[in-house]
Amino acid sequence: MEISTIGPVSYYKTMTVLLLGATSNMAVALARHYASNGHNLQLAARSSKEIEILKNDFSIRYGITAEAYPFDALDYHNHAQWYAAIPNKPDLVILVFGYLGDHERATHQWEESQKIIASNYTGAVSILNVIAHDFEQRKKGTIVGISSVAGDRGRMSNYVYGSAKAGLTAYLSGLRNRLTHAGVHVMTVKPGFVRTKMTEGLPLPAPVTATPEKVASLIYKAAQKKKNSIYVLPIWAPIMLIIKNIPEFIFKKLKL
Amino acid sequence: MKQMTKSTVSNWGNYPSIDAKTKSFTSVSELDQDQLPEASYIARGNGRCYGDSSLQSHIISTLKYDKILEFDAKEGIIKCQSGITFSTLIDFLIPRGLFLPVTPGTKFITVGGAIASDIHGKNHHVEGSFQNHIIHIEVLLASGDIIECSREKESDLFMATCGGMGLTGIILSAKFRLKKIETALIKQVSIKARNLDHIFDLFEEFKSTTYSVAWIDCLQGGDKLGRSLLMVGEHATKQELGSDESLRNPNGKLKLSIPFNFPNIVLNKITIKIFNFLFYHKQIAARKESYVNFDKFFYPLDFINSWNRMYGNRGFVQYQFVLPIENSKEGLRKILSEINNQGMGSFLAVLKLFGNYEGLISFPMQGYTLALDFPIRKGLFEFLDRLDQIVVDCGGRIYLTKDARMDKKVFEKGYPNLERFKNIVKKFNPDLKWRSVQSDRLAITKP
Ligand SMILES: Cc1cc2nc3c(=O)[nH]c(=O)nc-3n(C[C@H](O)[C@H](O)[C@H](O)COP(=O)(O)OP(=O)(O)OC[C@H]3O[C@@H](n4cnc5c(N)ncnc54)[C@H](O)[C@@H]3O)c2cc1C
């Protein structure tokens, strides 16, 4: 992201933003936020039909350039080739894809565990390895990874998902460390509860639950300020601080 | 399918409310047969109908299905998914010199809701209802098939879907014509009317003006019965505004909001009296011309967020009927006298004129329509039953999208094409997969 300062106001150059996993409610909210601020979009997701629809909506509504690139996070062997085929490389990459899955099933069905691990961790590592390499060589760019508070400490109710997100969080922090030296910024985002199709109808506690639009605007601002790691509602910072600091001999007895 | 959890749902009148499971979707594949295991569902847009039209134990919310699919700025044609709201569309259209062909008194409704209720605006007498501007729509049937229909193609399905309250299927998308405008302002003339005869004369005088609406002061009786304020308007042209830039700049922001339910006593007769007095007398001159922002002209109530809460937690009903043109004046006189005699003042009483456009099952017919709000209280439903009788005797009908209580007989008398409508519903929705609390109450979806 390049900033030129004219007088007291900062003008951000138009960027090209690549959204990996562009069809989720959070990704759509992010796309709208960036597009309404004049940035161009590259939409990547499995369903080519859905990203085609999104592409039209964004370009009609915001008058920006939007491109659609069908993408499968689990198709590791093609990631390098897939990225190489994008003519204009992005300035900002936001990795949104992930899969909550069914924890109960995951505990006794390997396929579900594998899907959770692959969608949240392995697939992310695979594609970000490729993009990191390009950004490092070009010595610019920003990578935003959507991880989760679930990765801060394993809990009995979702530790398969949590451990995959913990892996992603650690990966992003290592990547940040490496790429800083090339002038590339990496930001980790840990949303708490978000009101999406995935959580529809669940009785989420209102004070700690954000809408996708709120998440999008917070990410937008935090990425501009080059934050390293954020919780999406600030209230999650003290909550997770407490959760992380409960001594293990007590924690293990809690039903969380 | 993901477990849907129940929550309490009600529409704009906060009456009735039911426990329902809601499912949203962004792609039609999420509405596959095996994703909808329950026996029946009803589509729901933004919940701006007043009663039970979009209520059911299983609801399909269209709000996330909200993309613009095609847009032709030159021809003024748009195609969009059904869950997009008028408010989003207006924000998009106004800077491009375009406007919705028909709009209700709130912009917080969806395109799907506009079609399912075949909504009307203040321009019905000149431009008809929403369906008159549709090129085609796509409907998801109970069988899982998606059918594109229009007046020419699959016209039965089209006619039964416009105004059909979601009973033929889920409207997925619509392509419709927009209106070209030069400015975001409306050139408005407001005129005081002394009584019912006077307001009818004024509607007649302005019958070729695109937009017209009157607010009646319900508490006036005798020779002041029907005292009202008529507002008529046209989209202002650039030439009219000259070079005054300040006039061209749209500036309608939501100002007030009502964060919680008012105690039930607030809207008693006295407050209504004061409101109506202020409204009528705030304008001193008999006729006043002005330029007003489109937001203020079309959506005055949207400036108060959640105004429906001021009726308290018991909720309220809106009562909207239309009377055939030849019986309009006498019928209105009877109804206004009845309201007056019973001291059943209504905070809002909005009078509009419908032109000669009718649908198969749509509400409008040529004549006058009045919309009234009544807080729920003892004796109200009996009182409304009496009004129903007057409406039916005049050959009129009640608007389904506002209704929460009418008797099935009143409904059947008001809608002469009902049998034909039911047959089309049966054809496309044979197992009654799409049905609402309202359609069951009125025995439209009786197995
Ligand atoms: C302040 C206010 C002023 C109003 N003024 C007017 C007015 O001037 N003129 C007028 O005509 N109406 C008016 N209305 C009523 C409103 O326009 C209608 O009730 C409209 O249908 C609401 O749309 P919605 O998106 O909120 O749909 P909902 O209220 O959720 O649903 C309304 C009906 O549409 C059906 N439906 C919704 N989406 C779909 C879909 N995708 N496919 C199939 N069926 C669907 C539902 O099943 C239900 O039967 C007003 C309402 C309010 C609150």
# chains A, B, ... in the order shown; residues from 1 in each chain; ligands from 1
>>> select_by_dssp(residues="stretch 104-214 of chain B", states="helix (DSSP H, G or I)", output="PyMOL selection string")
chain B and resi 111-116+124-127+130-133+155-161+196-205
>>> residues_around(residues="B:Leu230", least_positions_apart="3", cutoff="9 Å", atoms="only C-alpha atoms", output="PyMOL selection string")
chain B and resi 189-193+199+202-203+212-216+351
>>> write_last_selection(atoms="N, CA and C atoms", output="compact mmCIF listing (two decimals), in the first residue's frame")
# COMPACT_ATOMS: atom_id res chain seq x y z
N VAL B 189 -46.56 20.56 -4.19
CA VAL B 189 -47.59 21.54 -3.84
C VAL B 189 -48.41 20.90 -2.73
N SER B 190 -48.56 21.62 -1.61
CA SER B 190 -49.45 21.07 -0.58
C SER B 190 -50.64 21.98 -0.39
N ILE B 191 -51.77 21.35 -0.23
CA ILE B 191 -53.04 22.09 -0.21
C ILE B 191 -53.90 21.58 0.93
N LYS B 192 -54.45 22.53 1.67
CA LYS B 192 -55.36 22.14 2.75
C LYS B 192 -56.74 21.86 2.20
N ALA B 193 -57.34 20.79 2.69
CA ALA B 193 -58.72 20.51 2.29
C ALA B 193 -59.62 20.60 3.51
N ILE B 199 -61.53 17.45 -0.53
CA ILE B 199 -60.36 16.64 -0.88
C ILE B 199 -60.62 15.82 -2.15
N LEU B 202 -60.06 18.09 -4.99
CA LEU B 202 -58.63 18.35 -5.21
C LEU B 202 -57.96 17.17 -5.92
N PHE B 203 -58.28 15.94 -5.49
CA PHE B 203 -57.71 14.77 -6.18
C PHE B 203 -58.09 14.81 -7.67
N SER B 212 -49.54 11.83 -5.80
CA SER B 212 -50.45 12.54 -4.89
C SER B 212 -50.78 11.66 -3.69
N VAL B 213 -50.97 12.32 -2.56
CA VAL B 213 -51.31 11.62 -1.32
C VAL B 213 -51.93 12.65 -0.38
N ALA B 214 -52.88 12.19 0.44
CA ALA B 214 -53.45 13.11 1.42
C ALA B 214 -53.40 12.48 2.81
N TRP B 215 -53.15 13.31 3.80
CA TRP B 215 -53.18 12.86 5.20
C TRP B 215 -54.46 13.41 5.81
N ILE B 216 -55.29 12.52 6.30
CA ILE B 216 -56.58 12.94 6.85
C ILE B 216 -56.49 13.06 8.37
N LEU B 351 -54.57 8.79 2.44
CA LEU B 351 -55.53 8.58 1.37
C LEU B 351 -54.83 8.70 0.01
>>> interface_residues(of="chain A", to="chain B", cutoff="6 Å", atoms="only C-alpha atoms", output="list in words")
Asp57, Gly201 and Leu202 of chain A
>>> closest_residue(among="A:Gln81, A:Gln42, A:Asn88, A:Gln109", to="A:Ala68", atoms="only C-alpha atoms")
A:Gln42
>>> residues_near_ligand(ligand="ligand 1", cutoff="6 Å", atoms="only C-alpha atoms and all ligand atoms", output="ChimeraX atom specification")
/B:12,42-49,53-54,62,82,104-106,109-110,112-114,116-117,119-121,165-166,169-172,401
>>> write_last_selection(atoms="C-alpha atoms", output="PDB file, in the first residue's frame")
ATOM      1  CA  TRP B  12     -43.776  -4.200  11.246  1.00  0.00           C
ATOM      2  CA  ILE B  42     -42.460 -18.966   3.424  1.00  0.00           C
ATOM      3  CA  ALA B  43     -40.180 -16.346   1.901  1.00  0.00           C
ATOM      4  CA  ARG B  44     -39.457 -13.251   3.925  1.00  0.00           C
ATOM      5  CA  GLY B  45     -37.869 -10.019   2.758  1.00  0.00           C
ATOM      6  CA  ASN B  46     -37.349  -7.139   5.155  1.00  0.00           C
ATOM      7  CA  GLY B  47     -40.440  -7.805   7.272  1.00  0.00           C
ATOM      8  CA  ARG B  48     -42.152  -4.538   6.348  1.00  0.00           C
ATOM      9  CA  CYS B  49     -45.523  -6.125   5.845  1.00  0.00           C
ATOM     10  CA  SER B  53     -47.899 -12.559   5.513  1.00  0.00           C
ATOM     11  CA  SER B  54     -44.248 -13.550   5.830  1.00  0.00           C
ATOM     12  CA  THR B  62     -33.840 -13.362   1.096  1.00  0.00           C
ATOM     13  CA  SER B  82     -34.842 -10.413  -4.867  1.00  0.00           C
ATOM     14  CA  PRO B 104     -44.146   2.553  -1.110  1.00  0.00           C
ATOM     15  CA  GLY B 105     -44.013   4.848   1.914  1.00  0.00           C
ATOM     16  CA  THR B 106     -40.840   3.201   3.194  1.00  0.00           C
ATOM     17  CA  ILE B 109     -38.431  -3.201   1.634  1.00  0.00           C
ATOM     18  CA  THR B 110     -36.967  -5.747  -0.763  1.00  0.00           C
ATOM     19  CA  GLY B 112     -39.106  -9.635  -3.696  1.00  0.00           C
ATOM     20  CA  GLY B 113     -41.512  -8.086  -1.187  1.00  0.00           C
ATOM     21  CA  ALA B 114     -42.432  -5.371  -3.699  1.00  0.00           C
ATOM     22  CA  ALA B 116     -45.114 -10.440  -3.824  1.00  0.00           C
ATOM     23  CA  SER B 117     -47.330  -7.607  -2.528  1.00  0.00           C
ATOM     24  CA  ILE B 119     -46.907  -2.638  -4.132  1.00  0.00           C
ATOM     25  CA  HIS B 120     -48.294   0.735  -5.135  1.00  0.00           C
ATOM     26  CA  GLY B 121     -47.019   4.233  -4.556  1.00  0.00           C
ATOM     27  CA  MET B 165     -47.735 -13.159  -1.236  1.00  0.00           C
ATOM     28  CA  GLY B 166     -45.057 -15.781  -1.809  1.00  0.00           C
ATOM     29  CA  GLY B 169     -42.633 -19.888  -4.928  1.00  0.00           C
ATOM     30  CA  ILE B 170     -39.589 -17.852  -4.082  1.00  0.00           C
ATOM     31  CA  ILE B 171     -39.001 -14.905  -6.370  1.00  0.00           C
ATOM     32  CA  LEU B 172     -35.276 -15.104  -7.093  1.00  0.00           C
ATOM     33  CA  THR B 401     -49.752  -7.178   3.209  1.00  0.00           C
TER      34      THR B 401
END
>>> residues_around(residues="B:Pro95", least_positions_apart="4", cutoff="12 Å", atoms="only C-alpha atoms", output="MDAnalysis selection string")
(chainID A and resid 61:62) or (chainID B and resid 73 89:91 99 180:184 248:250)
>>> residues_around(residues="stretch 174-182 of chain A", least_positions_apart="2", cutoff="12 Å", atoms="only C-alpha atoms", output="PyMOL selection string")
chain A and resi 125+128-145+167-172+184-188+226-229
>>> write_last_selection(atoms="N, CA and C atoms", output="JSON list (two decimals), in the first residue's frame")
[["chain", "number", "residue", "atom", "x", "y", "z"],
["A", 125, "VAL", "N", -1.62, -22.42, 4.02],
["A", 125, "VAL", "CA", -0.16, -22.45, 3.92],
["A", 125, "VAL", "C", 0.26, -22.57, 2.46],
["A", 128, "LEU", "N", -0.50, -19.24, 0.51],
["A", 128, "LEU", "CA", 0.26, -18.09, 1.01],
["A", 128, "LEU", "C", 1.75, -18.26, 0.77],
["A", 129, "ASN", "N", 2.25, -19.50, 0.76],
["A", 129, "ASN", "CA", 3.65, -19.73, 0.39],
["A", 129, "ASN", "C", 3.94, -19.11, -0.98],
["A", 130, "VAL", "N", 3.04, -19.36, -1.90],
["A", 130, "VAL", "CA", 3.21, -18.88, -3.27],
["A", 130, "VAL", "C", 3.18, -17.35, -3.31],
["A", 131, "ILE", "N", 2.17, -16.79, -2.65],
["A", 131, "ILE", "CA", 1.99, -15.34, -2.70],
["A", 131, "ILE", "C", 3.12, -14.62, -1.95],
["A", 132, "ALA", "N", 3.53, -15.21, -0.83],
["A", 132, "ALA", "CA", 4.60, -14.60, -0.04],
["A", 132, "ALA", "C", 5.87, -14.47, -0.89],
["A", 133, "HIS", "N", 6.12, -15.49, -1.66],
["A", 133, "HIS", "CA", 7.31, -15.49, -2.50],
["A", 133, "HIS", "C", 7.27, -14.33, -3.50],
["A", 134, "ASP", "N", 6.13, -14.16, -4.13],
["A", 134, "ASP", "CA", 5.97, -13.08, -5.10],
["A", 134, "ASP", "C", 6.10, -11.71, -4.43],
["A", 135, "PHE", "N", 5.43, -11.53, -3.30],
["A", 135, "PHE", "CA", 5.46, -10.23, -2.61],
["A", 135, "PHE", "C", 6.89, -9.91, -2.15],
["A", 136, "GLU", "N", 7.57, -10.95, -1.69],
["A", 136, "GLU", "CA", 8.94, -10.75, -1.20],
["A", 136, "GLU", "C", 9.84, -10.26, -2.33],
["A", 137, "GLN", "N", 9.64, -10.87, -3.49],
["A", 137, "GLN", "CA", 10.47, -10.47, -4.64],
["A", 137, "GLN", "C", 10.14, -9.07, -5.11],
["A", 138, "ARG", "N", 8.83, -8.75, -5.10],
["A", 138, "ARG", "CA", 8.42, -7.42, -5.55],
["A", 138, "ARG", "C", 8.62, -6.37, -4.47],
["A", 139, "LYS", "N", 8.95, -6.83, -3.27],
["A", 139, "LYS", "CA", 9.20, -5.97, -2.12],
["A", 139, "LYS", "C", 8.05, -5.04, -1.80],
["A", 140, "LYS", "N", 6.85, -5.52, -1.99],
["A", 140, "LYS", "CA", 5.69, -4.73, -1.55],
["A", 140, "LYS", "C", 4.47, -5.64, -1.40],
["A", 141, "GLY", "N", 3.47, -5.05, -0.78],
["A", 141, "GLY", "CA", 2.22, -5.79, -0.63],
["A", 141, "GLY", "C", 1.85, -6.01, 0.83],
["A", 142, "THR", "N", 0.58, -6.38, 1.01],
["A", 142, "THR", "CA", 0.07, -6.66, 2.35],
["A", 142, "THR", "C", -0.70, -7.97, 2.29],
["A", 143, "ILE", "N", -0.52, -8.79, 3.30],
["A", 143, "ILE", "CA", -1.27, -10.04, 3.41],
["A", 143, "ILE", "C", -2.08, -10.00, 4.70],
["A", 144, "VAL", "N", -3.37, -10.21, 4.59],
["A", 144, "VAL", "CA", -4.22, -10.28, 5.77],
["A", 144, "VAL", "C", -4.77, -11.70, 5.87],
["A", 145, "GLY", "N", -4.60, -12.31, 7.01],
["A", 145, "GLY", "CA", -5.12, -13.67, 7.20],
["A", 145, "GLY", "C", -6.20, -13.68, 8.26],
["A", 167, "GLY", "N", -2.55, -23.14, 14.16],
["A", 167, "GLY", "CA", -1.49, -23.34, 13.18],
["A", 167, "GLY", "C", -1.42, -22.14, 12.24],
["A", 168, "LEU", "N", -2.57, -21.67, 11.78],
["A", 168, "LEU", "CA", -2.59, -20.53, 10.87],
["A", 168, "LEU", "C", -2.04, -19.28, 11.56],
["A", 169, "THR", "N", -2.43, -19.07, 12.82],
["A", 169, "THR", "CA", -1.95, -17.90, 13.55],
["A", 169, "THR", "C", -0.42, -17.95, 13.65],
["A", 170, "ALA", "N", 0.12, -19.10, 13.98],
["A", 170, "ALA", "CA", 1.58, -19.23, 14.10],
["A", 170, "ALA", "C", 2.25, -19.03, 12.74],
["A", 171, "TYR", "N", 1.64, -19.57, 11.71],
["A", 171, "TYR", "CA", 2.18, -19.39, 10.36],
["A", 171, "TYR", "C", 2.24, -17.91, 10.00],
["A", 172, "LEU", "N", 1.14, -17.20, 10.27],
["A", 172, "LEU", "CA", 1.08, -15.78, 9.92],
["A", 172, "LEU", "C", 2.11, -14.98, 10.69],
["A", 184, "VAL", "N", 7.10, -6.08, 3.28],
["A", 184, "VAL", "CA", 5.75, -6.61, 3.09],
["A", 184, "VAL", "C", 5.10, -6.77, 4.47],
["A", 185, "HIS", "N", 3.85, -6.31, 4.57],
["A", 185, "HIS", "CA", 3.18, -6.38, 5.86],
["A", 185, "HIS", "C", 2.21, -7.56, 5.94],
["A", 186, "VAL", "N", 2.21, -8.22, 7.09],
["A", 186, "VAL", "CA", 1.27, -9.32, 7.31],
["A", 186, "VAL", "C", 0.44, -9.02, 8.56],
["A", 187, "MET", "N", -0.87, -9.12, 8.40],
["A", 187, "MET", "CA", -1.76, -8.86, 9.54],
["A", 187, "MET", "C", -2.62, -10.07, 9.86],
["A", 188, "THR", "N", -2.69, -10.40, 11.14],
["A", 188, "THR", "CA", -3.52, -11.52, 11.60],
["A", 188, "THR", "C", -4.82, -10.96, 12.17],
["A", 226, "LYS", "N", -1.44, -0.68, 9.38],
["A", 226, "LYS", "CA", -0.42, -1.72, 9.48],
["A", 226, "LYS", "C", -0.36, -2.35, 10.87],
["A", 227, "LYS", "N", -1.51, -2.69, 11.40],
["A", 227, "LYS", "CA", -1.54, -3.42, 12.67],
["A", 227, "LYS", "C", -1.00, -4.83, 12.43],
["A", 228, "ASN", "N", -0.45, -5.42, 13.45],
["A", 228, "ASN", "CA", 0.09, -6.78, 13.30],
["A", 228, "ASN", "C", -0.97, -7.84, 13.52],
["A", 229, "SER", "N", -1.69, -7.67, 14.62],
["A", 229, "SER", "CA", -2.69, -8.68, 14.95],
["A", 229, "SER", "C", -3.84, -7.99, 15.64]]
>>> select_by_dssp(residues="stretch 55-113 of chain A", states="strand (DSSP E)", output="tab-separated table (two decimals) with all heavy atoms, in the first residue's frame")
chain	number	residue	atom	x	y	z
A	66	ALA	N	-13.52	-5.57	-11.44
A	66	ALA	CA	-13.55	-6.80	-10.65
A	66	ALA	C	-13.28	-7.97	-11.59
A	66	ALA	O	-13.73	-7.99	-12.72
A	66	ALA	CB	-14.91	-6.97	-9.97
A	67	GLU	N	-12.47	-8.92	-11.10
A	67	GLU	CA	-12.16	-10.11	-11.89
A	67	GLU	C	-12.50	-11.34	-11.06
A	67	GLU	O	-12.41	-11.31	-9.85
A	67	GLU	CB	-10.66	-10.13	-12.22
A	67	GLU	CG	-10.21	-8.96	-13.09
A	67	GLU	CD	-8.71	-8.68	-12.97
A	67	GLU	OE1	-7.97	-9.52	-12.40
A	67	GLU	OE2	-8.30	-7.61	-13.43
A	68	ALA	N	-12.87	-12.40	-11.76
A	68	ALA	CA	-13.23	-13.64	-11.05
A	68	ALA	C	-12.25	-14.75	-11.43
A	68	ALA	O	-11.98	-14.98	-12.61
A	68	ALA	CB	-14.65	-14.05	-11.42
A	69	TYR	N	-11.68	-15.42	-10.42
A	69	TYR	CA	-10.74	-16.52	-10.65
A	69	TYR	C	-11.16	-17.74	-9.84
A	69	TYR	O	-10.92	-17.78	-8.63
A	69	TYR	CB	-9.32	-16.10	-10.25
A	69	TYR	CG	-8.77	-14.95	-11.05
A	69	TYR	CD1	-8.69	-13.67	-10.49
A	69	TYR	CD2	-8.34	-15.14	-12.35
A	69	TYR	CE1	-8.20	-12.61	-11.23
A	69	TYR	CE2	-7.84	-14.07	-13.10
A	69	TYR	CZ	-7.78	-12.82	-12.53
A	69	TYR	OH	-7.30	-11.77	-13.26
A	70	PRO	N	-11.79	-18.72	-10.48
A	70	PRO	CA	-12.17	-19.93	-9.75
A	70	PRO	C	-10.95	-20.53	-9.05
A	70	PRO	O	-9.87	-20.62	-9.64
A	70	PRO	CB	-12.68	-20.85	-10.86
A	70	PRO	CG	-13.11	-19.95	-11.95
A	70	PRO	CD	-12.18	-18.77	-11.89
A	92	LEU	N	-2.91	-6.26	-2.23
A	92	LEU	CA	-3.37	-6.72	-0.92
A	92	LEU	C	-4.07	-8.06	-1.10
A	92	LEU	O	-4.90	-8.21	-2.00
A	92	LEU	CB	-4.35	-5.69	-0.33
A	92	LEU	CG	-5.19	-6.10	0.89
A	92	LEU	CD1	-4.31	-6.34	2.11
A	92	LEU	CD2	-6.20	-5.00	1.22
A	93	VAL	N	-3.71	-9.02	-0.26
A	93	VAL	CA	-4.37	-10.32	-0.32
A	93	VAL	C	-5.07	-10.55	1.02
A	93	VAL	O	-4.47	-10.35	2.07
A	93	VAL	CB	-3.34	-11.46	-0.54
A	93	VAL	CG1	-4.02	-12.81	-0.42
A	93	VAL	CG2	-2.67	-11.30	-1.88
A	94	ILE	N	-6.34	-10.89	0.96
A	94	ILE	CA	-7.04	-11.23	2.19
A	94	ILE	C	-7.48	-12.69	2.11
A	94	ILE	O	-8.25	-13.06	1.23
A	94	ILE	CB	-8.26	-10.33	2.44
A	94	ILE	CG1	-7.88	-8.86	2.28
A	94	ILE	CG2	-8.83	-10.58	3.83
A	94	ILE	CD1	-9.01	-7.88	2.56
A	95	LEU	N	-6.96	-13.47	3.02
A	95	LEU	CA	-7.31	-14.89	3.05
A	95	LEU	C	-8.50	-15.06	3.98
A	95	LEU	O	-8.38	-14.88	5.19
A	95	LEU	CB	-6.11	-15.71	3.53
A	95	LEU	CG	-6.36	-17.22	3.56
A	95	LEU	CD1	-5.19	-17.95	2.91
A	95	LEU	CD2	-6.57	-17.73	4.97
>>> residues_around(residues="B:Ala160", least_positions_apart="2", cutoff="12 Å", atoms="only C-alpha atoms", output="PyMOL selection string")
chain B and resi 115-118+131+139+149-151+154-158+162-169+171+359-362+417-429
>>> atom_distance(atom1="atom CA of B:Gln239", atom2="atom CA of B:Val102")
24.1 Å
>>> decode(residues="stretch 141-165 of chain A", atoms="N, CA and C atoms", output="PDB file, in the first residue's frame")
ATOM      1  N   GLY A 141       3.468  -5.051  -0.775  1.00  0.00           N
ATOM      2  CA  GLY A 141       2.218  -5.793  -0.628  1.00  0.00           C
ATOM      3  C   GLY A 141       1.846  -6.012   0.827  1.00  0.00           C
ATOM      4  N   THR A 142       0.584  -6.376   1.012  1.00  0.00           N
ATOM      5  CA  THR A 142       0.067  -6.660   2.348  1.00  0.00           C
ATOM      6  C   THR A 142      -0.703  -7.969   2.294  1.00  0.00           C
ATOM      7  N   ILE A 143      -0.517  -8.790   3.299  1.00  0.00           N
ATOM      8  CA  ILE A 143      -1.270 -10.041   3.406  1.00  0.00           C
ATOM      9  C   ILE A 143      -2.078 -10.002   4.701  1.00  0.00           C
ATOM     10  N   VAL A 144      -3.367 -10.214   4.588  1.00  0.00           N
ATOM     11  CA  VAL A 144      -4.220 -10.280   5.772  1.00  0.00           C
ATOM     12  C   VAL A 144      -4.766 -11.698   5.869  1.00  0.00           C
ATOM     13  N   GLY A 145      -4.596 -12.314   7.011  1.00  0.00           N
ATOM     14  CA  GLY A 145      -5.117 -13.674   7.201  1.00  0.00           C
ATOM     15  C   GLY A 145      -6.199 -13.682   8.261  1.00  0.00           C
ATOM     16  N   ILE A 146      -7.358 -14.270   7.926  1.00  0.00           N
ATOM     17  CA  ILE A 146      -8.432 -14.355   8.923  1.00  0.00           C
ATOM     18  C   ILE A 146      -8.260 -15.660   9.690  1.00  0.00           C
ATOM     19  N   SER A 147      -7.805 -15.530  10.935  1.00  0.00           N
ATOM     20  CA  SER A 147      -7.683 -16.703  11.799  1.00  0.00           C
ATOM     21  C   SER A 147      -8.876 -16.705  12.751  1.00  0.00           C
ATOM     22  N   SER A 148      -8.692 -17.057  13.998  1.00  0.00           N
ATOM     23  CA  SER A 148      -9.847 -17.094  14.899  1.00  0.00           C
ATOM     24  C   SER A 148      -9.404 -17.071  16.351  1.00  0.00           C
ATOM     25  N   VAL A 149     -10.281 -16.555  17.215  1.00  0.00           N
ATOM     26  CA  VAL A 149      -9.997 -16.629  18.654  1.00  0.00           C
ATOM     27  C   VAL A 149      -9.919 -18.090  19.100  1.00  0.00           C
ATOM     28  N   ALA A 150     -10.554 -18.959  18.330  1.00  0.00           N
ATOM     29  CA  ALA A 150     -10.538 -20.384  18.686  1.00  0.00           C
ATOM     30  C   ALA A 150      -9.117 -20.942  18.661  1.00  0.00           C
ATOM     31  N   GLY A 151      -8.202 -20.261  17.962  1.00  0.00           N
ATOM     32  CA  GLY A 151      -6.823 -20.728  17.887  1.00  0.00           C
ATOM     33  C   GLY A 151      -5.979 -20.307  19.076  1.00  0.00           C
ATOM     34  N   ASP A 152      -6.529 -19.442  19.945  1.00  0.00           N
ATOM     35  CA  ASP A 152      -5.743 -18.955  21.077  1.00  0.00           C
ATOM     36  C   ASP A 152      -5.552 -20.011  22.158  1.00  0.00           C
ATOM     37  N   ARG A 153      -6.528 -20.882  22.311  1.00  0.00           N
ATOM     38  CA  ARG A 153      -6.391 -21.972  23.282  1.00  0.00           C
ATOM     39  C   ARG A 153      -7.376 -23.073  22.930  1.00  0.00           C
ATOM     40  N   GLY A 154      -6.924 -24.278  22.923  1.00  0.00           N
ATOM     41  CA  GLY A 154      -7.804 -25.392  22.557  1.00  0.00           C
ATOM     42  C   GLY A 154      -8.880 -25.608  23.604  1.00  0.00           C
ATOM     43  N   ARG A 155     -10.112 -25.734  23.148  1.00  0.00           N
ATOM     44  CA  ARG A 155     -11.222 -25.985  24.065  1.00  0.00           C
ATOM     45  C   ARG A 155     -11.958 -27.242  23.617  1.00  0.00           C
ATOM     46  N   MET A 156     -12.594 -27.904  24.560  1.00  0.00           N
ATOM     47  CA  MET A 156     -13.202 -29.203  24.241  1.00  0.00           C
ATOM     48  C   MET A 156     -14.262 -29.128  23.143  1.00  0.00           C
ATOM     49  N   SER A 157     -14.896 -27.948  22.989  1.00  0.00           N
ATOM     50  CA  SER A 157     -16.013 -27.871  22.054  1.00  0.00           C
ATOM     51  C   SER A 157     -15.591 -27.704  20.596  1.00  0.00           C
ATOM     52  N   ASN A 158     -14.329 -27.287  20.342  1.00  0.00           N
ATOM     53  CA  ASN A 158     -13.946 -27.130  18.929  1.00  0.00           C
ATOM     54  C   ASN A 158     -12.429 -27.165  18.696  1.00  0.00           C
ATOM     55  N   TYR A 159     -11.759 -28.112  19.356  1.00  0.00           N
ATOM     56  CA  TYR A 159     -10.293 -28.087  19.276  1.00  0.00           C
ATOM     57  C   TYR A 159      -9.716 -28.519  17.934  1.00  0.00           C
ATOM     58  N   VAL A 160     -10.477 -29.209  17.122  1.00  0.00           N
ATOM     59  CA  VAL A 160      -9.925 -29.556  15.808  1.00  0.00           C
ATOM     60  C   VAL A 160      -9.799 -28.265  14.986  1.00  0.00           C
ATOM     61  N   TYR A 161     -10.919 -27.544  14.905  1.00  0.00           N
ATOM     62  CA  TYR A 161     -10.921 -26.248  14.237  1.00  0.00           C
ATOM     63  C   TYR A 161      -9.908 -25.308  14.906  1.00  0.00           C
ATOM     64  N   GLY A 162      -9.958 -25.289  16.254  1.00  0.00           N
ATOM     65  CA  GLY A 162      -9.076 -24.399  17.009  1.00  0.00           C
ATOM     66  C   GLY A 162      -7.607 -24.678  16.714  1.00  0.00           C
ATOM     67  N   SER A 163      -7.243 -25.948  16.640  1.00  0.00           N
ATOM     68  CA  SER A 163      -5.824 -26.252  16.422  1.00  0.00           C
ATOM     69  C   SER A 163      -5.403 -25.881  15.006  1.00  0.00           C
ATOM     70  N   ALA A 164      -6.309 -26.029  14.042  1.00  0.00           N
ATOM     71  CA  ALA A 164      -5.974 -25.622  12.678  1.00  0.00           C
ATOM     72  C   ALA A 164      -5.776 -24.109  12.619  1.00  0.00           C
ATOM     73  N   LYS A 165      -6.648 -23.366  13.326  1.00  0.00           N
ATOM     74  CA  LYS A 165      -6.512 -21.911  13.346  1.00  0.00           C
ATOM     75  C   LYS A 165      -5.263 -21.503  14.140  1.00  0.00           C
TER      76      LYS A 165
END
